[in-house]
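Worksheet for the structure shown next.
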Amino acid sequence: MATVRMIDIAVNFTDGMFKGLYHGKQCHIGDLAAVLGRAWNSGVDRIIVTGGSLEESREALAIAETDGRLFCTVGVHPTRCKEFEDSGDEEKHFQSLVSLAKEGIEKGKVVAIGECGLDYDRLHFCPADIQKKYFEKQFELANAVKLPMFLHMRAAAEDFCDILDRNKERFTSGVVHSFTDSADDRDKLLSFSNVYIGINGCSLKTAENLEVVKGIPVERMMIETDSPYCEIKNTHAGVKFVKSQWPSKKKEKYDPECIVKGRNEPCLVKQVLEVVAGCKGVADADQLSKIIYHNTCRVFFPQDLDSTADALLDGNQDIQ
């Protein structure tokens, strides 16, 4: 039985890969039940399903309703922000997000607004001015429903932090997930006392990435897979710290007892924990997981803070 407790804060269960679809081709049956089984058996006890558009947020909520341990976000990803204007009525589209968020809160399922932010690596999907406009608009949503924010920042730290600073009174707290930027950008984010940094396989690719992660205080960190993307690959600098392994098979030779080769899934968040522990020189990954679990509850599940208070007891002072 797993003793480590983890919350995977970013899983894209709306992606076709979990339905067995790869580039439009059906390679195997939908296998969400098998994926969840491996997660629960590995010490994951909650998963936050990411919403990246109005329609995807609806689907994320529907998925979250299938299991008491699943939760979700509601929001619009920076690369999809043209959907506000494409809808023909920006305000009506926004109000639909508000309604969906309120519905999900009533059901006890929606725990954050997002995924929202800025992505200047993929401006071909949505220009910067539209991204900025609707990133700012989603602070209005967070303020209306009093939820934390699930944030995306890619090659846009200056504009992102400017918008964050302008709206700091409009959101309680948040996490910048899938962080891959520089030490300077890390420090800009850490200057906001209510912002945490989410680490996944994409955060652990290079020796420089590991140095950046090393400088994130554990009490400001969360872990995630961003499944089905961002797995830790054999070519990544962080792989030397990985201890946990699962049997895998190619999608064409699908086996429900194995993970699909090349498709990330929530059980592998344990590898992220192991790499963070390794690059920080922390011998006790269990203790590290308690602190990270506590951070996650503080932001997304504040009702559970009392039961995670042990995370801040013995050993915390030894982990930086």
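Identifiers in this document derive from the order of the structure tokens: chains are assigned A, B, ..., residues are numbered from 1 separately in each chain, and ligands are numbered from 1 in order of occurrence.
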
Query raised in the report: If you count only C-alpha atoms, which residues fall within 10 Å of A:Thr14, apart from same-chain ones fewer than 5 positions away, as a PyMOL selection string?
Result: chain A and resi 19+49-52+56-63+228

Go ahead and save the residues from that selection, with N, CA and C atoms, as a short mmCIF file (atom, residue, chain, number, x, y, z; two decimals), in the first residue's frame.
```cif
data_model
loop_
_atom_site.label_atom_id
_atom_site.label_comp_id
_atom_site.auth_asym_id
_atom_site.auth_seq_id
_atom_site.Cartn_x
_atom_site.Cartn_y
_atom_site.Cartn_z
N LYS A 19 -9.21 8.27 -24.78
CA LYS A 19 -10.29 7.54 -25.46
C LYS A 19 -9.70 6.55 -26.48
N VAL A 49 -8.69 17.87 -13.16
CA VAL A 49 -8.82 17.76 -14.62
C VAL A 49 -8.84 19.18 -15.20
N THR A 50 -7.99 19.41 -16.18
CA THR A 50 -7.84 20.75 -16.74
C THR A 50 -8.91 21.08 -17.78
N GLY A 51 -9.49 22.26 -17.64
CA GLY A 51 -10.38 22.80 -18.67
C GLY A 51 -9.63 23.88 -19.44
N GLY A 52 -9.70 23.85 -20.78
CA GLY A 52 -8.95 24.83 -21.56
C GLY A 52 -9.80 25.65 -22.51
N GLU A 56 -14.47 22.38 -23.36
CA GLU A 56 -13.60 21.44 -22.65
C GLU A 56 -13.84 21.49 -21.15
N SER A 57 -14.13 22.67 -20.63
CA SER A 57 -14.43 22.81 -19.20
C SER A 57 -15.71 22.06 -18.84
N ARG A 58 -16.70 22.09 -19.76
CA ARG A 58 -17.93 21.31 -19.54
C ARG A 58 -17.60 19.82 -19.47
N GLU A 59 -16.75 19.38 -20.40
CA GLU A 59 -16.37 17.97 -20.44
C GLU A 59 -15.55 17.60 -19.19
N ALA A 60 -14.66 18.48 -18.76
CA ALA A 60 -13.85 18.24 -17.57
C ALA A 60 -14.75 18.07 -16.34
N LEU A 61 -15.79 18.90 -16.23
CA LEU A 61 -16.73 18.78 -15.13
C LEU A 61 -17.47 17.45 -15.18
N ALA A 62 -17.90 17.04 -16.37
CA ALA A 62 -18.59 15.76 -16.51
C ALA A 62 -17.69 14.60 -16.09
N ILE A 63 -16.41 14.67 -16.46
CA ILE A 63 -15.46 13.62 -16.05
C ILE A 63 -15.27 13.65 -14.54
N PRO A 228 -1.88 13.93 -21.12
CA PRO A 228 -0.96 12.88 -21.59
C PRO A 228 0.36 13.41 -22.11
#
```

Report task. Go through A:Cys161, A:Cys258, A:Leu268, A:Val218 one by one, measure the shortest atom-to-atom distance of each to A:Ile232 using only C-alpha atoms, and give the residue with the smallest value. Result ->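 Distance minimum relative to A:Ile232 lands on A:Leu268.
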
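Remark: for A:His28, the closest of the candidate residues A:Lys249, A:Lys92, A:Arg46, A:His294 is A:Lys249 (distances computed over only C-alpha atoms).
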
**Report entry** Selected residue, from A:Glu208, A:Asp8, A:Asp304, A:Gln26, that lies nearest to A:Trp40 when counting only C-alpha atoms
**Finding:** A:Asp8

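Close contacts of A:Gly30, defined as residues with an atom at most 9 Å away when counting only C-alpha atoms, with chain neighbours fewer than 6 positions off set aside, comprise Gly16, Met17, Phe18, Lys19, Gly20 and Leu21 of chain A.
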
Query raised in the report: as a count of residues only, which residues of stretch 7-237 of chain A does DSSP assign to alpha helix (DSSP H)?
Result: 87

Query - Shell around A:Leu70 at 6 Å using only C-alpha atoms, local window under 3 positions removed, as a PyMOL selection string - result: chain A and resi 46-47+64+67

If you keep all heavy atoms, can you produce a file of those selected residues as a tab-separated table (two decimals), in the first residue's frame?
```
chain	number	residue	atom	x	y	z
A	46	ARG	N	-6.00	12.52	-5.30
A	46	ARG	CA	-6.89	13.47	-5.98
A	46	ARG	C	-6.25	13.89	-7.29
A	46	ARG	O	-5.01	13.96	-7.40
A	46	ARG	CB	-7.15	14.71	-5.11
A	46	ARG	CG	-8.32	14.54	-4.17
A	46	ARG	CD	-8.48	15.75	-3.29
A	46	ARG	NE	-7.71	15.58	-2.08
A	46	ARG	CZ	-7.95	16.22	-0.93
A	46	ARG	NH1	-8.95	17.07	-0.86
A	46	ARG	NH2	-7.20	16.02	0.13
A	47	ILE	N	-7.09	14.21	-8.25
A	47	ILE	CA	-6.62	14.67	-9.56
A	47	ILE	C	-7.48	15.86	-9.96
A	47	ILE	O	-8.71	15.84	-9.78
A	47	ILE	CB	-6.76	13.55	-10.61
A	47	ILE	CG1	-5.74	12.43	-10.35
A	47	ILE	CG2	-6.61	14.10	-12.03
A	47	ILE	CD1	-5.99	11.17	-11.18
A	64	ALA	N	-15.13	14.84	-13.97
A	64	ALA	CA	-14.92	14.97	-12.52
A	64	ALA	C	-16.08	14.39	-11.72
A	64	ALA	O	-15.90	13.87	-10.61
A	64	ALA	CB	-14.70	16.44	-12.15
A	67	ASP	N	-16.12	10.42	-10.32
A	67	ASP	CA	-15.34	9.85	-9.22
A	67	ASP	C	-15.16	10.92	-8.15
A	67	ASP	O	-14.85	12.07	-8.47
A	67	ASP	CB	-13.97	9.38	-9.74
A	67	ASP	CG	-13.21	8.53	-8.72
A	67	ASP	OD1	-12.91	9.04	-7.62
A	67	ASP	OD2	-12.91	7.35	-9.04
```

Strand (DSSP E or B) positions in stretch 66-143 of chain A, given as a PDB file with N, CA, C and O atoms, in the first residue's frame:
```pdb
ATOM      1  N   LEU A  70     -11.949  13.095  -8.234  1.00  0.00           N
ATOM      2  CA  LEU A  70     -11.660  13.942  -9.393  1.00  0.00           C
ATOM      3  C   LEU A  70     -12.282  15.322  -9.221  1.00  0.00           C
ATOM      4  O   LEU A  70     -13.429  15.449  -8.762  1.00  0.00           O
ATOM      5  N   PHE A  71     -11.525  16.355  -9.607  1.00  0.00           N
ATOM      6  CA  PHE A  71     -11.972  17.745  -9.553  1.00  0.00           C
ATOM      7  C   PHE A  71     -11.572  18.403 -10.868  1.00  0.00           C
ATOM      8  O   PHE A  71     -10.940  17.770 -11.712  1.00  0.00           O
ATOM      9  N   CYS A  72     -11.942  19.658 -11.071  1.00  0.00           N
ATOM     10  CA  CYS A  72     -11.615  20.268 -12.365  1.00  0.00           C
ATOM     11  C   CYS A  72     -11.494  21.774 -12.272  1.00  0.00           C
ATOM     12  O   CYS A  72     -11.810  22.388 -11.251  1.00  0.00           O
ATOM     13  N   THR A  73     -11.032  22.348 -13.387  1.00  0.00           N
ATOM     14  CA  THR A  73     -10.950  23.798 -13.540  1.00  0.00           C
ATOM     15  C   THR A  73     -11.945  24.242 -14.610  1.00  0.00           C
ATOM     16  O   THR A  73     -12.392  23.430 -15.419  1.00  0.00           O
ATOM     17  N   VAL A  74     -12.251  25.522 -14.611  1.00  0.00           N
ATOM     18  CA  VAL A  74     -13.081  26.120 -15.670  1.00  0.00           C
ATOM     19  C   VAL A  74     -12.365  27.374 -16.149  1.00  0.00           C
ATOM     20  O   VAL A  74     -12.050  28.268 -15.354  1.00  0.00           O
ATOM     21  N   VAL A 110     -15.548  22.054  -9.055  1.00  0.00           N
ATOM     22  CA  VAL A 110     -14.671  23.068  -9.657  1.00  0.00           C
ATOM     23  C   VAL A 110     -13.857  23.730  -8.548  1.00  0.00           C
ATOM     24  O   VAL A 110     -14.414  24.294  -7.611  1.00  0.00           O
ATOM     25  N   VAL A 111     -12.517  23.636  -8.670  1.00  0.00           N
ATOM     26  CA  VAL A 111     -11.646  24.144  -7.609  1.00  0.00           C
ATOM     27  C   VAL A 111     -10.753  25.296  -8.059  1.00  0.00           C
ATOM     28  O   VAL A 111     -10.007  25.853  -7.247  1.00  0.00           O
ATOM     29  N   ALA A 112     -10.795  25.663  -9.350  1.00  0.00           N
ATOM     30  CA  ALA A 112      -9.952  26.765  -9.828  1.00  0.00           C
ATOM     31  C   ALA A 112     -10.473  27.310 -11.142  1.00  0.00           C
ATOM     32  O   ALA A 112     -11.192  26.626 -11.875  1.00  0.00           O
ATOM     33  N   ILE A 113     -10.075  28.546 -11.433  1.00  0.00           N
ATOM     34  CA  ILE A 113     -10.333  29.167 -12.733  1.00  0.00           C
ATOM     35  C   ILE A 113      -9.078  29.007 -13.591  1.00  0.00           C
ATOM     36  O   ILE A 113      -7.987  29.391 -13.193  1.00  0.00           O
ATOM     37  N   GLY A 114      -9.244  28.458 -14.769  1.00  0.00           N
ATOM     38  CA  GLY A 114      -8.117  28.233 -15.664  1.00  0.00           C
ATOM     39  C   GLY A 114      -8.412  27.047 -16.571  1.00  0.00           C
ATOM     40  O   GLY A 114      -9.515  26.487 -16.521  1.00  0.00           O
ATOM     41  N   GLU A 115      -7.573  26.717 -17.416  1.00  0.00           N
ATOM     42  CA  GLU A 115      -6.210  27.165 -17.515  1.00  0.00           C
ATOM     43  C   GLU A 115      -6.180  28.477 -18.278  1.00  0.00           C
ATOM     44  O   GLU A 115      -6.638  28.545 -19.406  1.00  0.00           O
ATOM     45  N   CYS A 116      -5.631  29.516 -17.642  1.00  0.00           N
ATOM     46  CA  CYS A 116      -5.575  30.812 -18.315  1.00  0.00           C
ATOM     47  C   CYS A 116      -4.201  31.442 -18.114  1.00  0.00           C
ATOM     48  O   CYS A 116      -3.475  31.080 -17.188  1.00  0.00           O
ATOM     49  N   GLY A 117      -3.867  32.363 -18.998  1.00  0.00           N
ATOM     50  CA  GLY A 117      -2.568  33.013 -18.903  1.00  0.00           C
ATOM     51  C   GLY A 117      -2.106  33.542 -20.240  1.00  0.00           C
ATOM     52  O   GLY A 117      -2.908  33.996 -21.053  1.00  0.00           O
ATOM     53  N   LEU A 118      -0.789  33.444 -20.487  1.00  0.00           N
ATOM     54  CA  LEU A 118      -0.182  33.924 -21.732  1.00  0.00           C
ATOM     55  C   LEU A 118       0.778  32.879 -22.284  1.00  0.00           C
ATOM     56  O   LEU A 118       1.552  32.283 -21.531  1.00  0.00           O
ATOM     57  N   ASP A 119       0.729  32.683 -23.588  1.00  0.00           N
ATOM     58  CA  ASP A 119       1.631  31.748 -24.266  1.00  0.00           C
ATOM     59  C   ASP A 119       2.157  32.415 -25.530  1.00  0.00           C
ATOM     60  O   ASP A 119       1.487  32.434 -26.554  1.00  0.00           O
TER      61      ASP A 119
END
```

**Report entry** 12 Å contact set for A:Asp129, only C-alpha atoms, chain neighbours under 2 positions out, as a VMD selection string
**Finding:** chain A and resid 78 to 79 81 to 82 118 to 120 123 126 to 127 131 to 136 159

Report task. For A:Asp286, work out the shell of residues within 8 Å, counting only C-alpha atoms and skipping chain neighbours fewer than 4 positions away, then give it as an NGL selection string. Result -> :A and (3-5 or 290)

Query raised in the report: So which residues touch A:Gly174 within 8 Å, counting only C-alpha atoms, skipping near sequence neighbours fewer than 2 positions away, as a ChimeraX atom specification?
Result: /A:148-151,171-172,176,194-196,299

Query - Pick from A:Leu32, A:Ile199, A:Ala142, A:Ala283 nearest to A:Asp226, counting only C-alpha atoms - result: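 Closest residue, counting only C-alpha atoms: A:Ile199.
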
Query raised in the report: Using only C-alpha atoms, which residue out of A:Met222, A:Arg69, A:Glu106, A:Arg170 lies closest to A:Asp45?
Result: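 Checking each of A:Met222, A:Arg69, A:Glu106, A:Arg170 against A:Asp45, counting only C-alpha atoms, the winner is A:Arg69.
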
Requested in this report: For atom CA of A:Asn295 and atom CA of A:Asp181, quote the distance in Å rounded to one decimal.
Outcome: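 Value for the atom CA of A:Asn295-atom CA of A:Asp181 distance: 21.2 Å.
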